[in-house]
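Colleague: Here's a structure for you.
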Protein chains: 2
Amino acid sequence: MSDLPKFVQINEEGPREGFQFEKGPIATDRKIALIDALSATGINHIQVASFVNPARVPGWADADQVVAGFTRKPGVHYTALWLNQKGLERAIATERLDIEGSLSLTASAKFLARNQQRTMEENIVAAHQVLETYRRLGVPFKRAGIMAAFGCNYEGAIAHETVLDLMGQLLDVAAQHDLKPEVFSLADTMAWATPQSVKALVGKARDRFPGLRLSLHLHDTRGLGIANAMAGLEMGVDSFDSTVAGLGGCPFAAHKGAAGNVCTEDLVFLLHEMGIETGIDLEKLLDTAILAEEIVGHPLPGSVKMGGSLDRLRAQLS
Amino acid sequence: MSDLPKFVQINEEGPREGFQFEKGPIATDRKIALIDALSATGINHIQVASFVNPARVPGWADADQVVAGFTRKPGVHYTALWLNQKGLERAIATERLDIEGSLSLTASAKFLARNQQRTMEENIVAAHQVLETYRRLGVPFKRAGIMAAFGCNYEGAIAHETVLDLMGQLLDVAAQHDLKPEVFSLADTMAWATPQSVKALVGKARDRFPGLRLSLHLHDTRGLGIANAMAGLEMGVDSFDSTVAGLGGCPFAAHKGAAGNVCTEDLVFLLHEMGIETGIDLEKLLDTAILAEEIVGHPLPGSVKMGGSLDRLRAQLS
């Protein structure tokens, strides 16, 4: 396990994912409270809001108010999600966000058709348009990604070659705009990955694109999220998306209430127990996970907030 | 990952663990229904009851009735737990169980003192007495084990050398009775293990005791159960204890409701997705996990019963 990184970058997506997914209306000040609590944990990258159509995502109708209300902590990057130029312009207009351009392709043609009503070819055309918009609006291009990289509910297994070819296409598109992403994310959007497939695909991606920093966006819908993260760590991956308490769910799961994103504090617990640094205070993060549960008003998936950290036990022993 | 086994033995402990841990009285016929459902899944080793003091474990006051009531399926081993000769004699008297002698030492002196009011030396004396009882009652010695092998809430980290030395002592005790266990279990009783420590300890145990079949008893209290199982698989471990739906809990966790044993169907999902055989029908097992949840009357930790299996999705695609 010589490839285990010494430091791992955690990209917290709890606020954006969670408040997008929750059914009940959550007061704006509670959303702000969660963001402020996350800021205090040492997490340095938080996706705080989603600038999407309020008619389709009512949970983010108050995105402007949330972004206006939280307290910016120096050293923390506060990002947002948008799906089109209008959303991006709203995010920029807040003047309180770190606008980080991202661009993803989807590895499953059937999922792409269903989810975005596009062909793979049309998606490449759209990718050029996105980068052109970034240039015009002065948005730095930070992050590339492949969605459904490990499998798809509508297409089944996705060949590793398909993913690697798409990665190459996306990097080519970027290069045509004189751009290179700082990090390349592989997303297990519908929770098809196993530790074996994570190791295999990450290994091939490292071979094909040496020097490219990889990030994993993992889902825990079928209980393999942490095991898949461990597989990524063993392949040297040092950047992960996650959500505090496992906020958010999975629209593609068999039952409502299934887990969605891998849980931040469980991942941080794993990392710290293996001596890998994150810059995060796990005890504060556990308190924040319990706050998240209070805010949404129902149990959330994370385990360590229930089981308790080992550092607390160690402190009692010494 | 060349050491991944081709077949894994699952030792189902859900009935025994679950009905021991649950607070509410559960009707005897519901306990029997769960055992019969488990028998239909293809699981070939089920710990069905606990013959312990009913005053201390009221959930198993009906152990005799449960064992009298379930239907034995050919090829399935039905075992039970006992903590002393009286319990063992009750188990034997049912004439419906596969009486498999086991013997465990505890790696933490503080936990041993607290849990069994014994010193490490007294525990070795007691081990001889257990094997003598097995001989006298004609009980085959099947399984050795070390509890708290990865850490202890009362003692903290446990040195690998301590565990390896205890393994050697236990094998020596057995050898003095001309016995050798079929399998040697390492138990993460209080959920201190990480994938890293599993790999390290299993690796050292394989080096020290070549040819000894190892088994892992893992807890998911802090969310690492499946990742720790994966680490064991990568070190060639081909035998695991688990509980359907994650039945049972953890008396050593920070909060009630924390997860206990690693969940059988999540583990079987992991194995099957990596092409490792178990002889188990995952779809039947998922139905059984949902039955377990109905029986105990509250949500249980397993993920795949919520997220849904991929085989069901694949069947819809083809």
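Letters for chains follow the order of the structure tokens (A, B, ...), residue numbers begin at 1 for each chain, and ligand numbers begin at 1 in the order shown.
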Pull out every residue of chain B that has at least one atom within 7 Å of chain A, counting only C-alpha atoms, and report them as an mmCIF file with N, CA and C atoms, in the first residue's frame.

Modeller:
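Writing done, so here's iface-v5.cif:
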```cif
data_model
loop_
_atom_site.group_PDB
_atom_site.id
_atom_site.type_symbol
_atom_site.label_atom_id
_atom_site.label_comp_id
_atom_site.auth_asym_id
_atom_site.auth_seq_id
_atom_site.Cartn_x
_atom_site.Cartn_y
_atom_site.Cartn_z
ATOM 1 N N ASN B 153 -11.778 -0.691 23.505
ATOM 2 C CA ASN B 153 -12.245 0.570 24.096
ATOM 3 C C ASN B 153 -11.625 0.842 25.460
ATOM 4 N N TYR B 154 -11.167 -0.205 26.148
ATOM 5 C CA TYR B 154 -10.643 -0.036 27.503
ATOM 6 C C TYR B 154 -9.124 -0.067 27.543
ATOM 7 N N GLY B 156 -7.238 0.478 24.295
ATOM 8 C CA GLY B 156 -6.700 1.179 23.130
ATOM 9 C C GLY B 156 -6.176 0.198 22.098
ATOM 10 N N THR B 194 -8.881 -1.044 10.759
ATOM 11 C CA THR B 194 -8.911 -0.345 9.475
ATOM 12 C C THR B 194 -8.448 -1.332 8.406
ATOM 13 N N GLN B 196 -5.977 -1.060 6.653
ATOM 14 C CA GLN B 196 -4.534 -1.165 6.831
ATOM 15 C C GLN B 196 -4.178 -2.159 7.946
ATOM 16 N N THR B 221 -19.416 -0.693 13.130
ATOM 17 C CA THR B 221 -19.833 0.373 14.042
ATOM 18 C C THR B 221 -19.348 1.744 13.594
ATOM 19 N N ARG B 222 -18.204 1.779 12.957
ATOM 20 C CA ARG B 222 -17.669 3.060 12.478
ATOM 21 C C ARG B 222 -17.561 3.077 10.954
ATOM 22 N N GLY B 223 -18.398 2.260 10.304
ATOM 23 C CA GLY B 223 -18.548 2.358 8.851
ATOM 24 C C GLY B 223 -17.467 1.696 8.021
ATOM 25 N N LEU B 224 -16.527 1.009 8.667
ATOM 26 C CA LEU B 224 -15.421 0.423 7.902
ATOM 27 C C LEU B 224 -15.572 -1.075 7.669
ATOM 28 N N ILE B 226 -17.203 -3.170 5.595
ATOM 29 C CA ILE B 226 -17.022 -3.736 4.253
ATOM 30 C C ILE B 226 -15.613 -3.468 3.731
ATOM 31 N N ALA B 227 -15.087 -2.285 4.022
ATOM 32 C CA ALA B 227 -13.707 -1.986 3.602
ATOM 33 C C ALA B 227 -12.719 -2.921 4.301
ATOM 34 N N MET B 230 -12.961 -6.263 2.649
ATOM 35 C CA MET B 230 -12.224 -6.224 1.375
ATOM 36 C C MET B 230 -10.735 -6.398 1.618
ATOM 37 N N ALA B 253 -20.700 1.031 21.433
ATOM 38 C CA ALA B 253 -20.763 2.232 20.594
ATOM 39 C C ALA B 253 -21.156 3.441 21.427
ATOM 40 N N ALA B 254 -20.958 4.612 20.835
ATOM 41 C CA ALA B 254 -21.268 5.858 21.537
ATOM 42 C C ALA B 254 -22.779 6.020 21.727
ATOM 43 N N HIS B 255 -23.553 5.598 20.749
ATOM 44 C CA HIS B 255 -24.995 5.790 20.793
ATOM 45 C C HIS B 255 -25.704 4.467 20.540
ATOM 46 N N ALA B 258 -26.265 2.294 16.889
ATOM 47 C CA ALA B 258 -25.078 2.146 16.043
ATOM 48 C C ALA B 258 -25.047 0.734 15.464
ATOM 49 N N ASP B 266 -24.738 -7.110 2.205
ATOM 50 C CA ASP B 266 -23.798 -6.153 1.615
ATOM 51 C C ASP B 266 -22.482 -6.851 1.290
ATOM 52 N N LEU B 270 -20.864 -7.446 -2.426
ATOM 53 C CA LEU B 270 -19.457 -7.156 -2.763
ATOM 54 C C LEU B 270 -18.801 -8.367 -3.427
ATOM 55 N N MET B 274 -17.620 -9.028 -7.536
ATOM 56 C CA MET B 274 -16.219 -9.262 -7.909
ATOM 57 C C MET B 274 -16.023 -10.693 -8.413
ATOM 58 N N SER B 303 -27.244 -1.805 3.479
ATOM 59 C CA SER B 303 -27.434 -0.823 2.408
ATOM 60 C C SER B 303 -28.091 -1.403 1.163
ATOM 61 N N VAL B 304 -27.713 -2.617 0.764
ATOM 62 C CA VAL B 304 -28.177 -3.120 -0.539
ATOM 63 C C VAL B 304 -29.682 -3.362 -0.528
ATOM 64 N N MET B 306 -31.755 -1.421 0.598
ATOM 65 C CA MET B 306 -32.337 -0.118 0.238
ATOM 66 C C MET B 306 -31.939 0.295 -1.182
ATOM 67 N N GLY B 307 -30.668 0.143 -1.497
ATOM 68 C CA GLY B 307 -30.168 0.586 -2.800
ATOM 69 C C GLY B 307 -30.597 -0.319 -3.934
ATOM 70 N N GLY B 308 -30.845 -1.590 -3.612
ATOM 71 C CA GLY B 308 -31.233 -2.547 -4.643
ATOM 72 C C GLY B 308 -30.014 -3.209 -5.258
ATOM 73 N N LEU B 313 -31.225 -4.926 -11.807
ATOM 74 C CA LEU B 313 -31.127 -3.940 -12.891
ATOM 75 C C LEU B 313 -30.638 -4.599 -14.171
ATOM 76 N N ARG B 314 -29.644 -5.480 -14.038
ATOM 77 C CA ARG B 314 -29.110 -6.150 -15.236
ATOM 78 C C ARG B 314 -30.194 -6.979 -15.914
ATOM 79 N N LEU B 317 -32.286 -4.901 -18.042
ATOM 80 C CA LEU B 317 -31.599 -4.397 -19.240
ATOM 81 C C LEU B 317 -31.553 -5.427 -20.345
#
```

Colleague: Just need chain A moved onto chain B: least-squares over all Cα atoms matched in order, then output as a compact mmCIF listing (two decimals) with C-alpha atoms, in the first residue's frame.

Modeller:
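Written out: superposed.txt:
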```txt
# COMPACT_ATOMS: atom_id res chain seq x y z
CA MET A 1 -5.15 -8.62 -5.88
CA SER A 2 -4.08 -12.11 -6.86
CA ASP A 3 -4.95 -13.44 -3.41
CA LEU A 4 -8.70 -12.83 -3.77
CA PRO A 5 -10.39 -16.14 -2.99
CA LYS A 6 -12.69 -17.83 -5.52
CA PHE A 7 -15.22 -18.93 -2.88
CA VAL A 8 -16.04 -17.39 0.47
CA GLN A 9 -17.67 -19.10 3.43
CA ILE A 10 -20.30 -16.94 5.12
CA ASN A 11 -21.13 -17.70 8.74
CA GLU A 12 -24.51 -16.12 9.40
CA GLU A 13 -24.95 -14.92 12.98
CA GLY A 14 -28.04 -12.76 12.49
CA PRO A 15 -30.58 -14.75 14.50
CA ARG A 16 -28.31 -15.21 17.52
CA GLU A 17 -26.91 -11.66 17.51
CA GLY A 18 -30.13 -9.94 16.56
CA PHE A 19 -32.55 -11.52 18.98
CA GLN A 20 -29.98 -11.23 21.76
CA PHE A 21 -29.60 -7.51 21.16
CA GLU A 22 -33.17 -6.39 20.42
CA LYS A 23 -35.03 -4.92 23.36
CA GLY A 24 -38.62 -5.73 22.46
CA PRO A 25 -39.93 -9.26 22.92
CA ILE A 26 -39.98 -11.05 19.56
CA ALA A 27 -42.38 -13.95 19.15
CA THR A 28 -40.76 -17.36 18.92
CA ASP A 29 -42.44 -18.11 15.60
CA ARG A 30 -40.97 -14.94 14.09
CA LYS A 31 -37.50 -16.03 15.13
CA ILE A 32 -38.16 -19.39 13.51
CA ALA A 33 -39.43 -17.67 10.35
CA LEU A 34 -36.16 -15.78 10.01
CA ILE A 35 -34.08 -18.94 10.41
CA ASP A 36 -36.19 -20.77 7.83
CA ALA A 37 -35.88 -17.84 5.41
CA LEU A 38 -32.11 -17.83 5.88
CA SER A 39 -32.02 -21.58 5.20
CA ALA A 40 -33.66 -20.93 1.83
CA THR A 41 -30.99 -18.44 0.71
CA GLY A 42 -28.21 -20.99 0.26
CA ILE A 43 -26.32 -19.91 3.39
CA ASN A 44 -24.87 -23.13 4.79
CA HIS A 45 -23.83 -22.03 8.29
CA ILE A 46 -26.29 -20.28 10.61
CA GLN A 47 -25.90 -19.54 14.31
CA VAL A 48 -29.53 -19.88 15.30
CA ALA A 49 -29.67 -19.40 19.07
CA SER A 50 -27.88 -18.49 22.25
CA PHE A 51 -28.05 -20.78 25.29
CA VAL A 52 -27.30 -18.22 27.94
CA ASN A 53 -28.80 -17.17 31.25
CA PRO A 54 -32.38 -16.01 30.48
CA ALA A 55 -32.19 -13.59 33.39
CA ARG A 56 -29.28 -11.83 31.68
CA VAL A 57 -30.38 -12.27 28.06
CA PRO A 58 -34.19 -12.35 28.06
CA GLY A 59 -34.24 -12.29 24.26
CA TRP A 60 -33.02 -15.90 24.29
CA ALA A 61 -35.25 -17.29 27.04
CA ASP A 62 -36.98 -19.26 24.26
CA ALA A 63 -33.81 -20.79 22.78
CA ASP A 64 -35.14 -24.35 23.26
CA GLN A 65 -38.43 -23.55 21.53
CA VAL A 66 -36.72 -21.78 18.62
CA VAL A 67 -34.38 -24.70 18.04
CA ALA A 68 -37.29 -27.16 18.30
CA GLY A 69 -39.26 -25.19 15.74
CA PHE A 70 -37.11 -24.40 12.73
CA THR A 71 -36.88 -26.72 9.75
CA ARG A 72 -33.47 -28.27 9.19
CA LYS A 73 -32.37 -28.02 5.58
CA PRO A 74 -29.88 -30.67 4.45
CA GLY A 75 -26.40 -29.28 3.94
CA VAL A 76 -26.87 -26.40 6.33
CA HIS A 77 -25.00 -26.29 9.64
CA TYR A 78 -27.11 -24.93 12.46
CA THR A 79 -24.97 -23.83 15.38
CA ALA A 80 -25.51 -22.07 18.68
CA LEU A 81 -23.64 -20.00 21.20
CA TRP A 82 -23.04 -20.99 24.80
CA LEU A 83 -20.81 -19.45 27.44
CA ASN A 84 -20.49 -22.33 29.88
CA GLN A 85 -21.04 -26.08 30.28
CA LYS A 86 -24.67 -25.65 31.28
CA GLY A 87 -25.44 -23.77 28.07
CA LEU A 88 -23.52 -26.32 26.03
CA GLU A 89 -25.49 -29.16 27.62
CA ARG A 90 -28.75 -27.40 26.82
CA ALA A 91 -27.64 -27.00 23.20
CA ILE A 92 -26.67 -30.68 22.96
CA ALA A 93 -29.96 -31.75 24.55
CA THR A 94 -31.96 -30.22 21.70
CA GLU A 95 -30.53 -32.93 19.39
CA ARG A 96 -31.24 -30.55 16.49
CA LEU A 97 -27.99 -28.58 16.32
CA ASP A 98 -24.55 -28.99 14.84
CA ILE A 99 -22.52 -28.67 17.99
CA GLU A 100 -19.27 -27.00 16.96
CA GLY A 101 -16.79 -26.39 19.72
CA SER A 102 -15.13 -23.02 19.74
CA LEU A 103 -12.60 -21.40 21.99
CA SER A 104 -11.62 -17.76 22.10
CA LEU A 105 -9.04 -15.76 23.96
CA THR A 106 -9.28 -12.01 24.40
CA ALA A 107 -6.37 -9.84 23.33
CA SER A 108 -7.14 -7.06 25.78
CA ALA A 109 -6.37 -7.78 29.45
CA LYS A 110 -8.56 -4.87 30.54
CA PHE A 111 -11.52 -6.03 28.47
CA LEU A 112 -11.07 -9.56 29.78
CA ALA A 113 -11.04 -8.33 33.37
CA ARG A 114 -14.11 -6.24 32.79
CA ASN A 115 -16.09 -8.69 30.66
CA GLN A 116 -15.14 -12.04 32.17
CA GLN A 117 -13.48 -11.08 35.48
CA ARG A 118 -10.35 -13.04 34.58
CA THR A 119 -6.66 -12.44 34.09
CA MET A 120 -4.93 -13.54 30.89
CA GLU A 121 -3.36 -16.44 32.84
CA GLU A 122 -6.70 -17.53 34.28
CA ASN A 123 -8.08 -17.44 30.73
CA ILE A 124 -5.50 -20.00 29.60
CA VAL A 125 -6.47 -22.27 32.51
CA ALA A 126 -10.11 -21.86 31.51
CA ALA A 127 -9.21 -22.70 27.89
CA HIS A 128 -7.88 -26.08 28.98
CA GLN A 129 -11.08 -26.71 30.92
CA VAL A 130 -13.21 -25.87 27.89
CA LEU A 131 -11.33 -28.34 25.69
CA GLU A 132 -11.57 -30.96 28.42
CA THR A 133 -15.34 -30.42 28.56
CA TYR A 134 -15.53 -30.75 24.76
CA ARG A 135 -13.66 -34.07 24.98
CA ARG A 136 -15.90 -35.35 27.76
CA LEU A 137 -19.10 -34.39 25.93
CA GLY A 138 -17.87 -35.51 22.52
CA VAL A 139 -17.95 -32.03 21.00
CA PRO A 140 -15.66 -31.55 18.00
CA PHE A 141 -13.30 -28.57 18.27
CA LYS A 142 -13.86 -26.46 15.15
CA ARG A 143 -12.98 -22.88 15.75
CA ALA A 144 -10.41 -20.84 17.63
CA GLY A 145 -10.53 -17.10 17.93
CA ILE A 146 -9.02 -13.93 19.32
CA MET A 147 -11.42 -11.25 20.51
CA ALA A 148 -10.56 -7.53 20.45
CA ALA A 149 -7.75 -8.41 18.05
CA PHE A 150 -7.61 -4.94 16.48
CA GLY A 151 -8.14 -2.66 19.47
CA CYS A 152 -10.13 -2.22 22.63
CA ASN A 153 -12.24 0.58 24.08
CA TYR A 154 -10.65 -0.03 27.50
CA GLU A 155 -7.06 -0.62 26.43
CA GLY A 156 -6.69 1.18 23.11
CA ALA A 157 -4.55 -0.24 20.34
CA ILE A 158 -3.55 -3.90 20.65
CA ALA A 159 -0.05 -4.77 19.44
CA HIS A 160 0.02 -7.27 16.60
CA GLU A 161 2.66 -9.23 18.53
CA THR A 162 0.19 -9.63 21.42
CA VAL A 163 -2.38 -11.12 19.06
CA LEU A 164 0.12 -13.39 17.34
CA ASP A 165 1.46 -14.63 20.69
CA LEU A 166 -2.06 -15.35 21.90
CA MET A 167 -2.81 -17.22 18.68
CA GLY A 168 0.27 -19.32 19.35
CA GLN A 169 -0.77 -19.93 22.96
CA LEU A 170 -4.25 -20.99 21.91
CA LEU A 171 -2.88 -23.36 19.27
CA ASP A 172 -0.51 -24.75 21.91
CA VAL A 173 -3.35 -25.31 24.35
CA ALA A 174 -5.26 -27.13 21.62
CA ALA A 175 -2.21 -29.18 20.67
CA GLN A 176 -1.86 -30.32 24.28
CA HIS A 177 -5.31 -31.87 23.84
CA ASP A 178 -4.32 -33.27 20.42
CA LEU A 179 -6.63 -30.78 18.79
CA LYS A 180 -6.30 -28.28 15.95
CA PRO A 181 -9.02 -25.81 14.99
CA GLU A 182 -10.39 -25.94 11.46
CA VAL A 183 -10.50 -22.17 11.32
CA PHE A 184 -8.97 -19.35 13.35
CA SER A 185 -11.08 -16.22 13.76
CA LEU A 186 -9.76 -12.73 14.34
CA ALA A 187 -12.51 -10.57 15.81
CA ASP A 188 -12.72 -6.80 15.65
CA THR A 189 -15.05 -6.88 18.65
CA MET A 190 -15.12 -3.12 19.26
CA ALA A 191 -14.61 -1.86 15.69
CA TRP A 192 -11.06 -0.58 15.87
CA ALA A 193 -9.79 -2.17 12.65
CA THR A 194 -8.89 -0.32 9.48
CA PRO A 195 -8.16 -1.90 6.09
CA GLN A 196 -4.51 -1.16 6.82
CA SER A 197 -4.48 -2.96 10.18
CA VAL A 198 -6.48 -5.88 8.77
CA LYS A 199 -3.92 -6.35 6.02
CA ALA A 200 -1.02 -6.01 8.43
CA LEU A 201 -2.32 -8.41 11.09
CA VAL A 202 -3.65 -11.00 8.63
CA GLY A 203 -0.36 -10.87 6.74
CA LYS A 204 1.63 -11.45 9.92
CA ALA A 205 -0.72 -14.26 11.01
CA ARG A 206 -0.31 -15.96 7.64
CA ASP A 207 3.47 -15.68 7.95
CA ARG A 208 3.54 -16.96 11.54
CA PHE A 209 1.02 -19.77 11.06
CA PRO A 210 1.21 -20.94 7.44
CA GLY A 211 -1.64 -23.23 6.41
CA LEU A 212 -3.95 -22.00 9.17
CA ARG A 213 -7.32 -21.00 7.73
CA LEU A 214 -8.24 -17.53 8.95
CA SER A 215 -11.70 -16.07 9.40
CA LEU A 216 -12.69 -12.48 10.14
CA HIS A 217 -15.42 -11.31 12.50
CA LEU A 218 -15.86 -7.64 11.65
CA HIS A 219 -18.02 -4.87 13.04
CA ASP A 220 -19.36 -1.93 11.07
CA THR A 221 -19.81 0.37 14.05
CA ARG A 222 -17.64 3.06 12.48
CA GLY A 223 -18.52 2.36 8.85
CA LEU A 224 -15.39 0.43 7.90
CA GLY A 225 -16.84 -3.10 7.99
CA ILE A 226 -17.00 -3.73 4.26
CA ALA A 227 -13.69 -1.98 3.59
CA ASN A 228 -12.10 -4.17 6.28
CA ALA A 229 -13.66 -7.27 4.73
CA MET A 230 -12.20 -6.22 1.37
CA ALA A 231 -8.78 -5.89 2.99
CA GLY A 232 -9.16 -9.41 4.36
CA LEU A 233 -10.18 -10.73 0.94
CA GLU A 234 -7.12 -9.14 -0.63
CA MET A 235 -5.04 -11.05 1.95
CA GLY A 236 -6.75 -14.30 0.97
CA VAL A 237 -9.24 -14.59 3.84
CA ASP A 238 -12.12 -16.78 2.66
CA SER A 239 -14.36 -17.00 5.76
CA PHE A 240 -16.39 -14.24 7.38
CA ASP A 241 -18.99 -13.89 10.13
CA SER A 242 -21.83 -11.51 9.36
CA THR A 243 -25.47 -10.83 10.17
CA VAL A 244 -28.36 -10.43 7.75
CA ALA A 245 -29.45 -6.78 7.46
CA GLY A 246 -26.74 -5.98 10.02
CA LEU A 247 -28.91 -7.47 12.81
CA GLY A 248 -27.50 -6.88 16.26
CA GLY A 249 -25.85 -3.75 17.49
CA CYS A 250 -22.80 -2.71 19.40
CA PRO A 251 -22.89 -2.39 23.19
CA PHE A 252 -19.58 -0.51 22.99
CA ALA A 253 -20.75 2.23 20.57
CA ALA A 254 -21.26 5.86 21.53
CA HIS A 255 -24.99 5.79 20.78
CA LYS A 256 -27.68 3.18 20.79
CA GLY A 257 -28.66 2.30 17.26
CA ALA A 258 -25.07 2.15 16.01
CA ALA A 259 -24.30 -0.69 13.66
CA GLY A 260 -22.84 -3.93 14.95
CA ASN A 261 -21.72 -6.82 12.78
CA VAL A 262 -20.96 -6.35 9.15
CA CYS A 263 -24.07 -6.96 7.05
CA THR A 264 -24.36 -10.30 5.23
CA GLU A 265 -26.12 -9.12 2.09
CA ASP A 266 -23.79 -6.15 1.62
CA LEU A 267 -20.83 -8.50 1.96
CA VAL A 268 -22.39 -11.03 -0.44
CA PHE A 269 -23.11 -8.19 -2.89
CA LEU A 270 -19.44 -7.15 -2.76
CA LEU A 271 -18.31 -10.73 -3.30
CA HIS A 272 -20.65 -11.50 -6.18
CA GLU A 273 -19.87 -8.21 -7.94
CA MET A 274 -16.21 -9.25 -7.91
CA GLY A 275 -17.00 -12.73 -9.22
CA ILE A 276 -16.39 -14.48 -5.89
CA GLU A 277 -18.85 -17.30 -5.23
CA THR A 278 -20.72 -17.85 -1.98
CA GLY A 279 -23.43 -20.37 -2.89
CA ILE A 280 -25.96 -17.77 -1.75
CA ASP A 281 -28.92 -16.36 -3.69
CA LEU A 282 -28.54 -12.61 -3.15
CA GLU A 283 -32.12 -11.80 -4.16
CA LYS A 284 -33.52 -14.23 -1.60
CA LEU A 285 -31.09 -12.85 0.95
CA LEU A 286 -32.33 -9.30 0.28
CA ASP A 287 -35.91 -10.45 0.84
CA THR A 288 -34.75 -12.06 4.09
CA ALA A 289 -33.07 -8.82 5.16
CA ILE A 290 -36.36 -6.99 4.65
CA LEU A 291 -38.11 -9.73 6.65
CA ALA A 292 -35.58 -9.22 9.45
CA GLU A 293 -36.42 -5.52 9.49
CA GLU A 294 -40.12 -6.33 9.69
CA ILE A 295 -39.52 -8.75 12.56
CA VAL A 296 -37.56 -6.30 14.71
CA GLY A 297 -39.85 -3.44 13.75
CA HIS A 298 -37.24 -0.78 13.03
CA PRO A 299 -34.73 0.06 10.28
CA LEU A 300 -31.60 -2.09 10.17
CA PRO A 301 -28.25 -0.93 8.79
CA GLY A 302 -27.77 -2.92 5.56
CA SER A 303 -27.42 -0.82 2.40
CA VAL A 304 -28.17 -3.11 -0.54
CA LYS A 305 -31.69 -3.85 0.69
CA MET A 306 -32.31 -0.11 0.24
CA GLY A 307 -30.15 0.59 -2.81
CA GLY A 308 -31.23 -2.54 -4.66
CA SER A 309 -29.04 -5.17 -6.26
CA LEU A 310 -27.38 -4.67 -9.62
CA ASP A 311 -28.50 -8.11 -10.81
CA ARG A 312 -32.09 -6.90 -10.75
CA LEU A 313 -31.09 -3.93 -12.90
CA ARG A 314 -29.10 -6.14 -15.25
CA ALA A 315 -32.09 -8.45 -15.67
CA GLN A 316 -34.18 -5.45 -16.71
CA LEU A 317 -31.55 -4.41 -19.24
CA SER A 318 -31.14 -7.74 -20.98
```

Colleague: Per DSSP on the backbone, filter segment 29-215 of chain A down to the residues in helix (DSSP H, G or I) and report them as an MDAnalysis selection string.

Modeller: chainID A and resid 29:39 58:60 63:69 85:93 109:116 120:137 160:176 195:208

Colleague: What are the DSSP strand (DSSP E or B) residues of segment 70-160 of chain B, as JSON, numbers by chain?

Modeller: {"B": [77, 78, 79, 80, 81, 82, 101, 102, 103, 104, 105, 106, 141, 142, 143, 144, 145, 146, 147, 152, 156]}

Colleague: Take the residues that were just selected and, keeping N, CA and C atoms, output them as a CSV table (one decimal), in the first residue's frame.

Modeller:
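Output file again_37.csv is given in full below:
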```csv
chain,number,residue,atom,x,y,z
B,77,HIS,N,-25.4,-26.1,8.3
B,77,HIS,CA,-25.0,-26.3,9.6
B,77,HIS,C,-25.7,-25.3,10.5
B,78,TYR,N,-26.4,-25.8,11.5
B,78,TYR,CA,-27.1,-24.9,12.5
B,78,TYR,C,-26.4,-25.0,13.8
B,79,THR,N,-25.8,-23.8,14.2
B,79,THR,CA,-25.0,-23.8,15.4
B,79,THR,C,-25.6,-22.9,16.4
B,80,ALA,N,-25.0,-22.9,17.6
B,80,ALA,CA,-25.5,-22.1,18.7
B,80,ALA,C,-24.3,-21.5,19.5
B,81,LEU,N,-24.6,-20.5,20.3
B,81,LEU,CA,-23.6,-20.0,21.2
B,81,LEU,C,-23.9,-20.4,22.6
B,82,TRP,N,-22.9,-20.7,23.4
B,82,TRP,CA,-23.0,-21.0,24.8
B,82,TRP,C,-21.8,-20.4,25.5
B,101,GLY,N,-17.5,-27.0,18.6
B,101,GLY,CA,-16.8,-26.4,19.7
B,101,GLY,C,-15.9,-25.2,19.3
B,102,SER,N,-16.0,-24.2,20.0
B,102,SER,CA,-15.1,-23.0,19.7
B,102,SER,C,-14.5,-22.6,21.0
B,103,LEU,N,-13.4,-21.8,20.8
B,103,LEU,CA,-12.6,-21.4,22.0
B,103,LEU,C,-11.9,-20.1,21.6
B,104,SER,N,-12.2,-19.1,22.4
B,104,SER,CA,-11.6,-17.8,22.1
B,104,SER,C,-10.8,-17.2,23.3
B,105,LEU,N,-9.7,-16.6,23.0
B,105,LEU,CA,-9.0,-15.8,24.0
B,105,LEU,C,-9.2,-14.3,23.6
B,106,THR,N,-9.1,-13.4,24.6
B,106,THR,CA,-9.3,-12.0,24.4
B,106,THR,C,-7.9,-11.3,24.4
B,141,PHE,N,-13.9,-29.9,18.2
B,141,PHE,CA,-13.3,-28.6,18.3
B,141,PHE,C,-13.1,-28.0,16.9
B,142,LYS,N,-13.8,-27.0,16.5
B,142,LYS,CA,-13.8,-26.5,15.1
B,142,LYS,C,-13.1,-25.1,15.0
B,143,ARG,N,-13.3,-24.3,16.0
B,143,ARG,CA,-13.0,-22.9,15.8
B,143,ARG,C,-12.3,-22.2,16.9
B,144,ALA,N,-11.1,-21.7,16.6
B,144,ALA,CA,-10.4,-20.9,17.6
B,144,ALA,C,-10.6,-19.4,17.3
B,145,GLY,N,-10.4,-18.5,18.3
B,145,GLY,CA,-10.5,-17.1,17.9
B,145,GLY,C,-9.8,-16.2,18.9
B,146,ILE,N,-9.5,-15.0,18.5
B,146,ILE,CA,-9.0,-13.9,19.3
B,146,ILE,C,-10.0,-12.8,19.3
B,147,MET,N,-10.5,-12.4,20.4
B,147,MET,CA,-11.4,-11.3,20.5
B,147,MET,C,-10.6,-10.0,20.7
B,152,CYS,N,-9.2,-2.0,21.5
B,152,CYS,CA,-10.1,-2.2,22.6
B,152,CYS,C,-10.5,-0.9,23.2
B,156,GLY,N,-7.2,0.5,24.3
B,156,GLY,CA,-6.7,1.2,23.1
B,156,GLY,C,-6.2,0.2,22.1
```
